[in-house]
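Data from structure-v8.txt: compact mmCIF, N, CA and C atoms
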# COMPACT_ATOMS: atom_id res chain seq x y z
N MET J 1 40.59 -85.27 21.01
CA MET J 1 40.41 -86.63 21.45
C MET J 1 39.62 -87.43 20.42
N GLY J 2 38.72 -86.78 19.73
CA GLY J 2 37.90 -87.49 18.75
C GLY J 2 36.49 -87.73 19.26
N TYR J 3 35.78 -88.53 18.50
CA TYR J 3 34.39 -88.85 18.83
C TYR J 3 34.33 -89.98 19.85
N VAL J 4 33.23 -90.02 20.60
CA VAL J 4 32.97 -91.12 21.52
C VAL J 4 32.75 -92.37 20.68
N GLN J 5 33.38 -93.46 21.06
CA GLN J 5 33.32 -94.70 20.30
C GLN J 5 32.33 -95.70 20.93
N GLY J 6 32.07 -96.77 20.22
CA GLY J 6 31.29 -97.88 20.73
C GLY J 6 29.80 -97.58 20.87
N GLU J 7 29.16 -98.34 21.74
CA GLU J 7 27.71 -98.22 21.95
C GLU J 7 27.32 -96.84 22.47
N LEU J 8 28.15 -96.30 23.35
CA LEU J 8 27.85 -94.96 23.87
C LEU J 8 27.90 -93.92 22.76
N GLY J 9 28.87 -94.04 21.89
CA GLY J 9 28.96 -93.13 20.75
C GLY J 9 27.74 -93.22 19.86
N LYS J 10 27.26 -94.44 19.64
CA LYS J 10 26.05 -94.64 18.83
C LYS J 10 24.84 -94.01 19.51
N LYS J 11 24.74 -94.18 20.83
CA LYS J 11 23.62 -93.60 21.57
C LYS J 11 23.62 -92.08 21.46
N ILE J 12 24.78 -91.49 21.62
CA ILE J 12 24.90 -90.03 21.53
C ILE J 12 24.51 -89.56 20.14
N GLN J 13 24.99 -90.26 19.11
CA GLN J 13 24.65 -89.88 17.74
C GLN J 13 23.15 -90.03 17.48
N GLU J 14 22.54 -91.07 18.02
CA GLU J 14 21.09 -91.25 17.87
C GLU J 14 20.32 -90.11 18.52
N LEU J 15 20.76 -89.67 19.69
CA LEU J 15 20.11 -88.54 20.36
C LEU J 15 20.24 -87.28 19.51
N MET J 16 21.42 -87.07 18.95
CA MET J 16 21.64 -85.90 18.11
C MET J 16 20.79 -85.97 16.83
N ASP J 17 20.71 -87.15 16.23
CA ASP J 17 19.90 -87.32 15.03
C ASP J 17 18.42 -87.11 15.33
N GLU J 18 17.95 -87.65 16.45
CA GLU J 18 16.53 -87.46 16.83
C GLU J 18 16.26 -85.99 17.13
N SER J 19 17.22 -85.30 17.71
CA SER J 19 17.07 -83.88 17.95
C SER J 19 16.85 -83.13 16.64
N PHE J 20 17.65 -83.48 15.64
CA PHE J 20 17.51 -82.84 14.32
C PHE J 20 16.13 -83.11 13.74
N HIS J 21 15.66 -84.34 13.90
CA HIS J 21 14.33 -84.71 13.42
C HIS J 21 13.25 -83.87 14.12
N GLN J 22 13.37 -83.72 15.42
CA GLN J 22 12.40 -82.91 16.18
C GLN J 22 12.47 -81.45 15.75
N TYR J 23 13.67 -80.96 15.51
CA TYR J 23 13.86 -79.58 15.05
C TYR J 23 13.14 -79.36 13.73
N LYS J 24 13.31 -80.29 12.81
CA LYS J 24 12.66 -80.16 11.50
C LYS J 24 11.14 -80.14 11.62
N GLN J 25 10.62 -80.76 12.68
CA GLN J 25 9.18 -80.76 12.93
C GLN J 25 8.76 -79.57 13.79
N GLU J 26 9.70 -78.64 14.01
CA GLU J 26 9.48 -77.43 14.82
C GLU J 26 9.14 -77.74 16.26
N LYS J 27 9.64 -78.86 16.76
CA LYS J 27 9.49 -79.23 18.16
C LYS J 27 10.80 -78.86 18.86
N TYR J 28 10.95 -77.56 19.07
CA TYR J 28 12.23 -77.01 19.51
C TYR J 28 12.60 -77.40 20.94
N ASP J 29 11.64 -77.41 21.83
CA ASP J 29 11.93 -77.80 23.22
C ASP J 29 12.41 -79.25 23.27
N GLU J 30 11.76 -80.10 22.49
CA GLU J 30 12.15 -81.50 22.45
C GLU J 30 13.55 -81.65 21.86
N ALA J 31 13.83 -80.88 20.82
CA ALA J 31 15.15 -80.93 20.18
C ALA J 31 16.24 -80.53 21.16
N ILE J 32 15.99 -79.46 21.91
CA ILE J 32 16.98 -79.01 22.89
C ILE J 32 17.16 -80.05 23.98
N GLN J 33 16.07 -80.64 24.45
CA GLN J 33 16.17 -81.64 25.51
C GLN J 33 16.98 -82.86 25.05
N LEU J 34 16.77 -83.29 23.83
CA LEU J 34 17.53 -84.42 23.31
C LEU J 34 19.02 -84.10 23.24
N LEU J 35 19.34 -82.88 22.87
CA LEU J 35 20.75 -82.47 22.85
C LEU J 35 21.33 -82.39 24.26
N ALA J 36 20.53 -81.91 25.20
CA ALA J 36 20.98 -81.88 26.60
C ALA J 36 21.21 -83.31 27.10
N ASP J 37 20.36 -84.23 26.68
CA ASP J 37 20.54 -85.64 27.04
C ASP J 37 21.83 -86.19 26.43
N ALA J 38 22.12 -85.80 25.20
CA ALA J 38 23.36 -86.22 24.55
C ALA J 38 24.56 -85.67 25.31
N TRP J 39 24.46 -84.42 25.76
CA TRP J 39 25.53 -83.81 26.55
C TRP J 39 25.77 -84.61 27.83
N GLU J 40 24.68 -84.94 28.50
CA GLU J 40 24.79 -85.70 29.75
C GLU J 40 25.37 -87.08 29.51
N ALA J 41 25.13 -87.65 28.34
CA ALA J 41 25.63 -88.98 28.03
C ALA J 41 27.13 -88.99 27.73
N LEU J 42 27.70 -87.82 27.42
CA LEU J 42 29.14 -87.77 27.16
C LEU J 42 29.89 -88.24 28.40
N PRO J 43 30.98 -88.97 28.22
CA PRO J 43 31.77 -89.41 29.38
C PRO J 43 32.40 -88.22 30.11
N ASP J 44 32.92 -88.49 31.30
CA ASP J 44 33.63 -87.44 32.04
C ASP J 44 34.70 -86.84 31.14
N GLY J 45 34.94 -85.56 31.33
CA GLY J 45 35.83 -84.86 30.42
C GLY J 45 35.08 -84.50 29.14
N LYS J 46 33.79 -84.19 29.29
CA LYS J 46 32.88 -83.95 28.17
C LYS J 46 33.49 -83.06 27.09
N ASN J 47 34.17 -82.01 27.52
CA ASN J 47 34.69 -81.02 26.58
C ASN J 47 35.81 -81.54 25.71
N GLU J 48 36.33 -82.72 26.02
CA GLU J 48 37.42 -83.28 25.23
C GLU J 48 36.91 -83.96 23.96
N TYR J 49 35.63 -84.24 23.89
CA TYR J 49 35.08 -84.99 22.76
C TYR J 49 34.56 -84.05 21.68
N ASP J 50 34.70 -84.48 20.43
CA ASP J 50 34.25 -83.67 19.30
C ASP J 50 32.76 -83.35 19.39
N GLU J 51 31.97 -84.28 19.88
CA GLU J 51 30.53 -84.07 19.98
C GLU J 51 30.18 -82.89 20.88
N SER J 52 31.04 -82.59 21.85
CA SER J 52 30.72 -81.52 22.80
C SER J 52 30.46 -80.21 22.07
N TYR J 53 31.29 -79.88 21.11
CA TYR J 53 31.11 -78.63 20.36
C TYR J 53 29.83 -78.69 19.53
N LEU J 54 29.61 -79.81 18.87
CA LEU J 54 28.43 -79.93 18.02
C LEU J 54 27.14 -79.83 18.81
N ILE J 55 27.13 -80.44 19.99
CA ILE J 55 25.94 -80.38 20.85
C ILE J 55 25.67 -78.95 21.29
N VAL J 56 26.68 -78.28 21.80
CA VAL J 56 26.50 -76.89 22.27
C VAL J 56 26.11 -75.99 21.11
N TRP J 57 26.79 -76.16 19.97
CA TRP J 57 26.49 -75.36 18.78
C TRP J 57 25.02 -75.49 18.40
N ARG J 58 24.53 -76.74 18.37
CA ARG J 58 23.13 -76.96 17.97
C ARG J 58 22.15 -76.39 19.00
N ILE J 59 22.46 -76.53 20.27
CA ILE J 59 21.59 -75.95 21.30
C ILE J 59 21.53 -74.44 21.13
N LEU J 60 22.68 -73.81 20.96
CA LEU J 60 22.70 -72.35 20.79
C LEU J 60 21.96 -71.94 19.51
N ASP J 61 22.13 -72.70 18.46
CA ASP J 61 21.45 -72.39 17.20
C ASP J 61 19.93 -72.38 17.39
N ILE J 62 19.42 -73.41 18.02
CA ILE J 62 17.97 -73.48 18.26
C ILE J 62 17.53 -72.37 19.20
N ALA J 63 18.28 -72.15 20.27
CA ALA J 63 17.90 -71.14 21.26
C ALA J 63 17.90 -69.74 20.66
N VAL J 64 18.87 -69.43 19.81
CA VAL J 64 18.91 -68.11 19.17
C VAL J 64 17.73 -67.97 18.22
N LYS J 65 17.48 -68.99 17.41
CA LYS J 65 16.38 -68.92 16.43
C LYS J 65 15.02 -68.81 17.10
N THR J 66 14.88 -69.37 18.29
CA THR J 66 13.59 -69.36 18.99
C THR J 66 13.56 -68.35 20.12
N HIS J 67 14.62 -67.58 20.23
CA HIS J 67 14.77 -66.51 21.22
C HIS J 67 14.56 -67.01 22.66
N LYS J 68 15.18 -68.12 22.97
CA LYS J 68 15.13 -68.69 24.33
C LYS J 68 16.36 -68.21 25.09
N ILE J 69 16.24 -67.02 25.64
CA ILE J 69 17.38 -66.35 26.28
C ILE J 69 17.93 -67.15 27.44
N ASP J 70 17.06 -67.77 28.23
CA ASP J 70 17.55 -68.55 29.37
C ASP J 70 18.42 -69.72 28.90
N ILE J 71 18.02 -70.37 27.83
CA ILE J 71 18.81 -71.49 27.29
C ILE J 71 20.12 -70.96 26.72
N MET J 72 20.05 -69.85 25.98
CA MET J 72 21.28 -69.26 25.43
C MET J 72 22.29 -68.99 26.53
N ASN J 73 21.83 -68.33 27.58
CA ASN J 73 22.74 -67.96 28.67
C ASN J 73 23.25 -69.17 29.43
N GLN J 74 22.46 -70.21 29.50
CA GLN J 74 22.86 -71.44 30.20
C GLN J 74 23.99 -72.16 29.45
N TRP J 75 24.01 -72.06 28.12
CA TRP J 75 24.93 -72.86 27.32
C TRP J 75 26.08 -72.09 26.69
N VAL J 76 25.99 -70.78 26.59
CA VAL J 76 26.97 -70.02 25.80
C VAL J 76 28.40 -70.18 26.31
N ASP J 77 28.61 -70.22 27.61
CA ASP J 77 29.97 -70.35 28.12
C ASP J 77 30.61 -71.68 27.73
N LYS J 78 29.79 -72.70 27.58
CA LYS J 78 30.31 -74.02 27.23
C LYS J 78 30.96 -74.04 25.85
N ILE J 79 30.55 -73.12 24.96
CA ILE J 79 31.10 -73.10 23.61
C ILE J 79 32.60 -72.78 23.64
N PHE J 80 33.04 -72.08 24.67
CA PHE J 80 34.45 -71.69 24.76
C PHE J 80 35.35 -72.83 25.25
N TYR J 81 34.77 -73.87 25.80
CA TYR J 81 35.55 -74.98 26.35
C TYR J 81 35.34 -76.29 25.62
N ALA J 82 34.34 -76.34 24.77
CA ALA J 82 34.01 -77.58 24.06
C ALA J 82 35.00 -77.83 22.93
N ASP J 83 35.50 -79.05 22.86
CA ASP J 83 36.38 -79.50 21.78
C ASP J 83 37.44 -78.46 21.43
N LEU J 84 38.32 -78.20 22.37
CA LEU J 84 39.34 -77.18 22.17
C LEU J 84 40.34 -77.52 21.07
N GLU J 85 40.35 -78.76 20.62
CA GLU J 85 41.23 -79.13 19.50
C GLU J 85 40.69 -78.62 18.17
N ARG J 86 39.44 -78.21 18.17
CA ARG J 86 38.80 -77.69 16.95
C ARG J 86 39.48 -76.39 16.53
N MET J 87 39.65 -76.21 15.21
CA MET J 87 40.27 -75.00 14.70
C MET J 87 39.48 -73.76 15.13
N ASP J 88 40.19 -72.72 15.52
CA ASP J 88 39.55 -71.50 16.01
C ASP J 88 39.44 -70.48 14.88
N THR J 89 38.22 -70.36 14.35
CA THR J 89 37.97 -69.40 13.27
C THR J 89 36.98 -68.32 13.68
N GLY J 90 36.82 -68.12 14.98
CA GLY J 90 35.93 -67.08 15.46
C GLY J 90 34.51 -67.52 15.74
N GLU J 91 34.20 -68.80 15.50
CA GLU J 91 32.82 -69.26 15.71
C GLU J 91 32.39 -69.13 17.17
N ARG J 92 33.30 -69.38 18.08
CA ARG J 92 32.96 -69.30 19.51
C ARG J 92 32.57 -67.88 19.88
N GLU J 93 33.37 -66.93 19.43
CA GLU J 93 33.05 -65.53 19.72
C GLU J 93 31.78 -65.08 19.01
N LEU J 94 31.56 -65.61 17.80
CA LEU J 94 30.33 -65.25 17.11
C LEU J 94 29.11 -65.73 17.89
N TRP J 95 29.17 -66.96 18.44
CA TRP J 95 28.05 -67.44 19.24
C TRP J 95 27.84 -66.56 20.47
N ALA J 96 28.93 -66.20 21.14
CA ALA J 96 28.81 -65.34 22.31
C ALA J 96 28.23 -63.98 21.90
N GLY J 97 28.63 -63.49 20.75
CA GLY J 97 28.09 -62.23 20.24
C GLY J 97 26.62 -62.31 19.92
N LYS J 98 26.21 -63.42 19.31
CA LYS J 98 24.79 -63.60 19.00
C LYS J 98 23.96 -63.63 20.28
N VAL J 99 24.45 -64.36 21.27
CA VAL J 99 23.72 -64.46 22.54
C VAL J 99 23.62 -63.08 23.20
N ALA J 100 24.72 -62.37 23.23
CA ALA J 100 24.70 -61.02 23.84
C ALA J 100 23.74 -60.12 23.06
N TYR J 101 23.78 -60.18 21.75
CA TYR J 101 22.90 -59.37 20.91
C TYR J 101 21.44 -59.68 21.20
N GLU J 102 21.10 -60.96 21.19
CA GLU J 102 19.72 -61.37 21.41
C GLU J 102 19.27 -61.09 22.84
N SER J 103 20.21 -60.99 23.76
CA SER J 103 19.90 -60.66 25.15
C SER J 103 19.83 -59.16 25.38
N GLY J 104 20.15 -58.38 24.35
CA GLY J 104 20.05 -56.93 24.45
C GLY J 104 21.32 -56.22 24.87
N ASP J 105 22.41 -56.92 25.03
CA ASP J 105 23.68 -56.31 25.42
C ASP J 105 24.51 -56.06 24.15
N LEU J 106 24.18 -54.97 23.46
CA LEU J 106 24.80 -54.70 22.16
C LEU J 106 26.28 -54.38 22.27
N LYS J 107 26.68 -53.74 23.35
CA LYS J 107 28.09 -53.40 23.52
C LYS J 107 28.93 -54.69 23.63
N LYS J 108 28.50 -55.59 24.46
CA LYS J 108 29.19 -56.88 24.62
C LYS J 108 29.14 -57.66 23.31
N ALA J 109 27.99 -57.64 22.65
CA ALA J 109 27.84 -58.34 21.37
C ALA J 109 28.85 -57.81 20.36
N LYS J 110 28.98 -56.52 20.28
CA LYS J 110 29.91 -55.92 19.32
C LYS J 110 31.35 -56.34 19.60
N GLU J 111 31.71 -56.39 20.87
CA GLU J 111 33.08 -56.81 21.22
C GLU J 111 33.35 -58.23 20.74
N TYR J 112 32.44 -59.14 21.01
CA TYR J 112 32.62 -60.53 20.57
C TYR J 112 32.60 -60.65 19.05
N ILE J 113 31.68 -59.96 18.42
CA ILE J 113 31.55 -60.06 16.96
C ILE J 113 32.78 -59.46 16.27
N LYS J 114 33.34 -58.44 16.85
CA LYS J 114 34.57 -57.86 16.30
C LYS J 114 35.70 -58.90 16.29
N VAL J 115 35.83 -59.64 17.38
CA VAL J 115 36.85 -60.69 17.46
C VAL J 115 36.55 -61.79 16.44
N ALA J 116 35.29 -62.20 16.36
CA ALA J 116 34.91 -63.24 15.40
C ALA J 116 35.21 -62.80 13.97
N ASN J 117 34.89 -61.57 13.67
CA ASN J 117 35.13 -61.03 12.33
C ASN J 117 36.62 -61.02 12.00
N LYS J 118 37.43 -60.63 12.97
CA LYS J 118 38.88 -60.59 12.76
C LYS J 118 39.45 -62.00 12.56
N LYS J 119 39.08 -62.93 13.44
CA LYS J 119 39.59 -64.31 13.34
C LYS J 119 39.18 -64.98 12.04
N SER J 120 37.99 -64.67 11.57
CA SER J 120 37.47 -65.33 10.37
C SER J 120 37.78 -64.56 9.09
N HIS J 121 38.44 -63.42 9.23
CA HIS J 121 38.72 -62.56 8.07
C HIS J 121 37.42 -62.18 7.36
N GLY J 122 36.38 -61.91 8.16
CA GLY J 122 35.11 -61.47 7.63
C GLY J 122 34.22 -62.56 7.08
N ARG J 123 34.59 -63.82 7.27
CA ARG J 123 33.82 -64.93 6.70
C ARG J 123 32.94 -65.65 7.72
N CYS J 124 32.74 -65.09 8.89
CA CYS J 124 32.03 -65.82 9.94
C CYS J 124 30.51 -65.70 9.83
N PHE J 125 30.04 -64.78 9.02
CA PHE J 125 28.60 -64.54 8.96
C PHE J 125 27.93 -65.37 7.87
N ASP J 126 26.83 -66.00 8.24
CA ASP J 126 26.04 -66.76 7.27
C ASP J 126 24.94 -65.87 6.70
N GLU J 127 24.32 -66.35 5.67
CA GLU J 127 23.18 -65.64 5.10
C GLU J 127 22.11 -65.47 6.17
N GLY J 128 21.54 -64.30 6.24
CA GLY J 128 20.50 -64.02 7.24
C GLY J 128 21.05 -63.47 8.54
N GLU J 129 22.37 -63.28 8.61
CA GLU J 129 22.98 -62.77 9.84
C GLU J 129 23.50 -61.34 9.67
N GLU J 130 22.87 -60.60 8.77
CA GLU J 130 23.31 -59.24 8.50
C GLU J 130 23.26 -58.34 9.73
N LYS J 131 22.30 -58.58 10.62
CA LYS J 131 22.17 -57.72 11.79
C LYS J 131 23.42 -57.80 12.67
N TYR J 132 24.06 -58.95 12.69
CA TYR J 132 25.28 -59.08 13.48
C TYR J 132 26.44 -58.37 12.80
N ARG J 133 26.54 -58.49 11.49
CA ARG J 133 27.59 -57.82 10.73
C ARG J 133 27.42 -56.30 10.84
N GLU J 134 26.19 -55.84 10.71
CA GLU J 134 25.91 -54.40 10.76
C GLU J 134 26.26 -53.79 12.11
N LEU J 135 26.22 -54.59 13.15
CA LEU J 135 26.56 -54.10 14.48
C LEU J 135 27.99 -53.55 14.52
N LEU J 136 28.85 -54.10 13.68
CA LEU J 136 30.25 -53.66 13.65
C LEU J 136 30.39 -52.20 13.24
N THR J 137 29.44 -51.68 12.47
CA THR J 137 29.53 -50.31 11.98
C THR J 137 28.77 -49.31 12.87
N GLN J 138 28.07 -49.80 13.86
CA GLN J 138 27.25 -48.93 14.69
C GLN J 138 28.05 -48.32 15.85
N GLU J 139 27.75 -47.09 16.16
CA GLU J 139 28.32 -46.44 17.34
C GLU J 139 27.42 -46.78 18.53
N LEU J 140 28.03 -47.28 19.59
CA LEU J 140 27.26 -47.66 20.77
C LEU J 140 27.66 -46.82 21.96

Can you dump the structure from the file as structure tokens?
Amino acid sequence: MGYVQGELGKKIQELMDESFHQYKQEKYDEAIQLLADAWEALPDGKNEYDESYLIVWRILDIAVKTHKIDIMNQWVDKIFYADLERMDTGERELWAGKVAYESGDLKKAKEYIKVANKKSHGRCFDEGEEKYRELLTQEL
């Protein structure tokens, strides 16, 4: 569908930008709240808008980095429905795998990460994510 247009689109972008600013200042709770506010500001059919994926992605990123398991679990399912027009390169499964890993469910994490690895042809891991890649070689 694309991005939200007009004044509402500007408001959502401002919330996302302010969230990034708060994140850079290590105000993680504030950053997450601003993203949640941006999510709430999306029009009905939230998952149809490009911002939906970006908002969920950023919330999960902050929650994983700060080990906020309750936030991770609250938002992880949304990654599978947000902006379905977006190309599928395994990022959704990687996020689910990260959340499962950080929540202590290594078996579930490995299943998701295996799918992410296959879809991305091994390119889904960023620097500093070796623990997720290494999970693929572990016997559970």

Quiz item: In Å, how far is it from atom C of Asp70 of chain J to atom C of Trp95 of chain J?
Solution: 13.0 Å

Practice problem: Kindly indicate which residue among J:Glu48, J:Glu134, J:Glu111, J:Glu18 lies nearest to Leu94 of chain J, using only C-alpha atoms for the distances. | Solution: J:Glu111

Practice problem: Please identify which residues in segment 1-104 of chain J DSSP calls helix (DSSP H, G or I) from the backbone, and express them as an MDAnalysis selection string. | Solution: chainID J and resid 6:24 28:41 46:48 50:65 69:80 91:102

Quiz item: In Å, how far is it from atom CA of Asn73 of chain J to atom CA of Glu102 of chain J?
Solution: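 Separation between atom CA of Asn73 of chain J and atom CA of Glu102 of chain J: 10.3 Å.
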
Quick one: everything within 8 Å of Asn117 of chain J, counting all atoms listed in the file, minus sequence neighbours fewer than 4 positions away in the same chain. Send it as a PDB file with N, CA and C atoms, keeping the file's coordinate frame.
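Output saved as around.pdb:
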ATOM      1  N   THR J  89      38.220 -70.360  14.350  1.00  0.00           N
ATOM      2  CA  THR J  89      37.970 -69.400  13.270  1.00  0.00           C
ATOM      3  C   THR J  89      36.980 -68.320  13.680  1.00  0.00           C
ATOM      4  N   GLY J  90      36.820 -68.120  14.980  1.00  0.00           N
ATOM      5  CA  GLY J  90      35.930 -67.080  15.460  1.00  0.00           C
ATOM      6  C   GLY J  90      34.510 -67.520  15.740  1.00  0.00           C
ATOM      7  N   GLU J  91      34.200 -68.800  15.500  1.00  0.00           N
ATOM      8  CA  GLU J  91      32.820 -69.260  15.710  1.00  0.00           C
ATOM      9  C   GLU J  91      32.390 -69.130  17.170  1.00  0.00           C
ATOM     10  N   GLU J  93      33.370 -66.930  19.430  1.00  0.00           N
ATOM     11  CA  GLU J  93      33.050 -65.530  19.720  1.00  0.00           C
ATOM     12  C   GLU J  93      31.780 -65.080  19.010  1.00  0.00           C
ATOM     13  N   LEU J  94      31.560 -65.610  17.800  1.00  0.00           N
ATOM     14  CA  LEU J  94      30.330 -65.250  17.110  1.00  0.00           C
ATOM     15  C   LEU J  94      29.110 -65.730  17.890  1.00  0.00           C
ATOM     16  N   GLU J 111      31.710 -56.390  20.870  1.00  0.00           N
ATOM     17  CA  GLU J 111      33.080 -56.810  21.220  1.00  0.00           C
ATOM     18  C   GLU J 111      33.350 -58.230  20.740  1.00  0.00           C
ATOM     19  N   TYR J 112      32.440 -59.140  21.010  1.00  0.00           N
ATOM     20  CA  TYR J 112      32.620 -60.530  20.570  1.00  0.00           C
ATOM     21  C   TYR J 112      32.600 -60.650  19.050  1.00  0.00           C
ATOM     22  N   ILE J 113      31.680 -59.960  18.420  1.00  0.00           N
ATOM     23  CA  ILE J 113      31.550 -60.060  16.960  1.00  0.00           C
ATOM     24  C   ILE J 113      32.780 -59.460  16.270  1.00  0.00           C
ATOM     25  N   HIS J 121      38.440 -63.420   9.230  1.00  0.00           N
ATOM     26  CA  HIS J 121      38.720 -62.560   8.070  1.00  0.00           C
ATOM     27  C   HIS J 121      37.420 -62.180   7.360  1.00  0.00           C
ATOM     28  N   GLY J 122      36.380 -61.910   8.160  1.00  0.00           N
ATOM     29  CA  GLY J 122      35.110 -61.470   7.630  1.00  0.00           C
ATOM     30  C   GLY J 122      34.220 -62.560   7.080  1.00  0.00           C
ATOM     31  N   ARG J 123      34.590 -63.820   7.270  1.00  0.00           N
ATOM     32  CA  ARG J 123      33.820 -64.930   6.700  1.00  0.00           C
ATOM     33  C   ARG J 123      32.940 -65.650   7.720  1.00  0.00           C
ATOM     34  N   CYS J 124      32.740 -65.090   8.890  1.00  0.00           N
ATOM     35  CA  CYS J 124      32.030 -65.820   9.940  1.00  0.00           C
ATOM     36  C   CYS J 124      30.510 -65.700   9.830  1.00  0.00           C
ATOM     37  N   PHE J 125      30.040 -64.780   9.020  1.00  0.00           N
ATOM     38  CA  PHE J 125      28.600 -64.540   8.960  1.00  0.00           C
ATOM     39  C   PHE J 125      27.930 -65.370   7.870  1.00  0.00           C
TER      40      PHE J 125
END

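Of the listed residues (J:Leu8, J:Ile55, J:Asp44, J:Ser120), J:Ser120 comes nearest to Asp88 of chain J; the distances count all atoms listed in the file.
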
Quiz item: Quick one: distance from atom CA of Glu85 of chain J to atom CA of Ala36 of chain J in Å, one decimal?
Solution: 21.6 Å
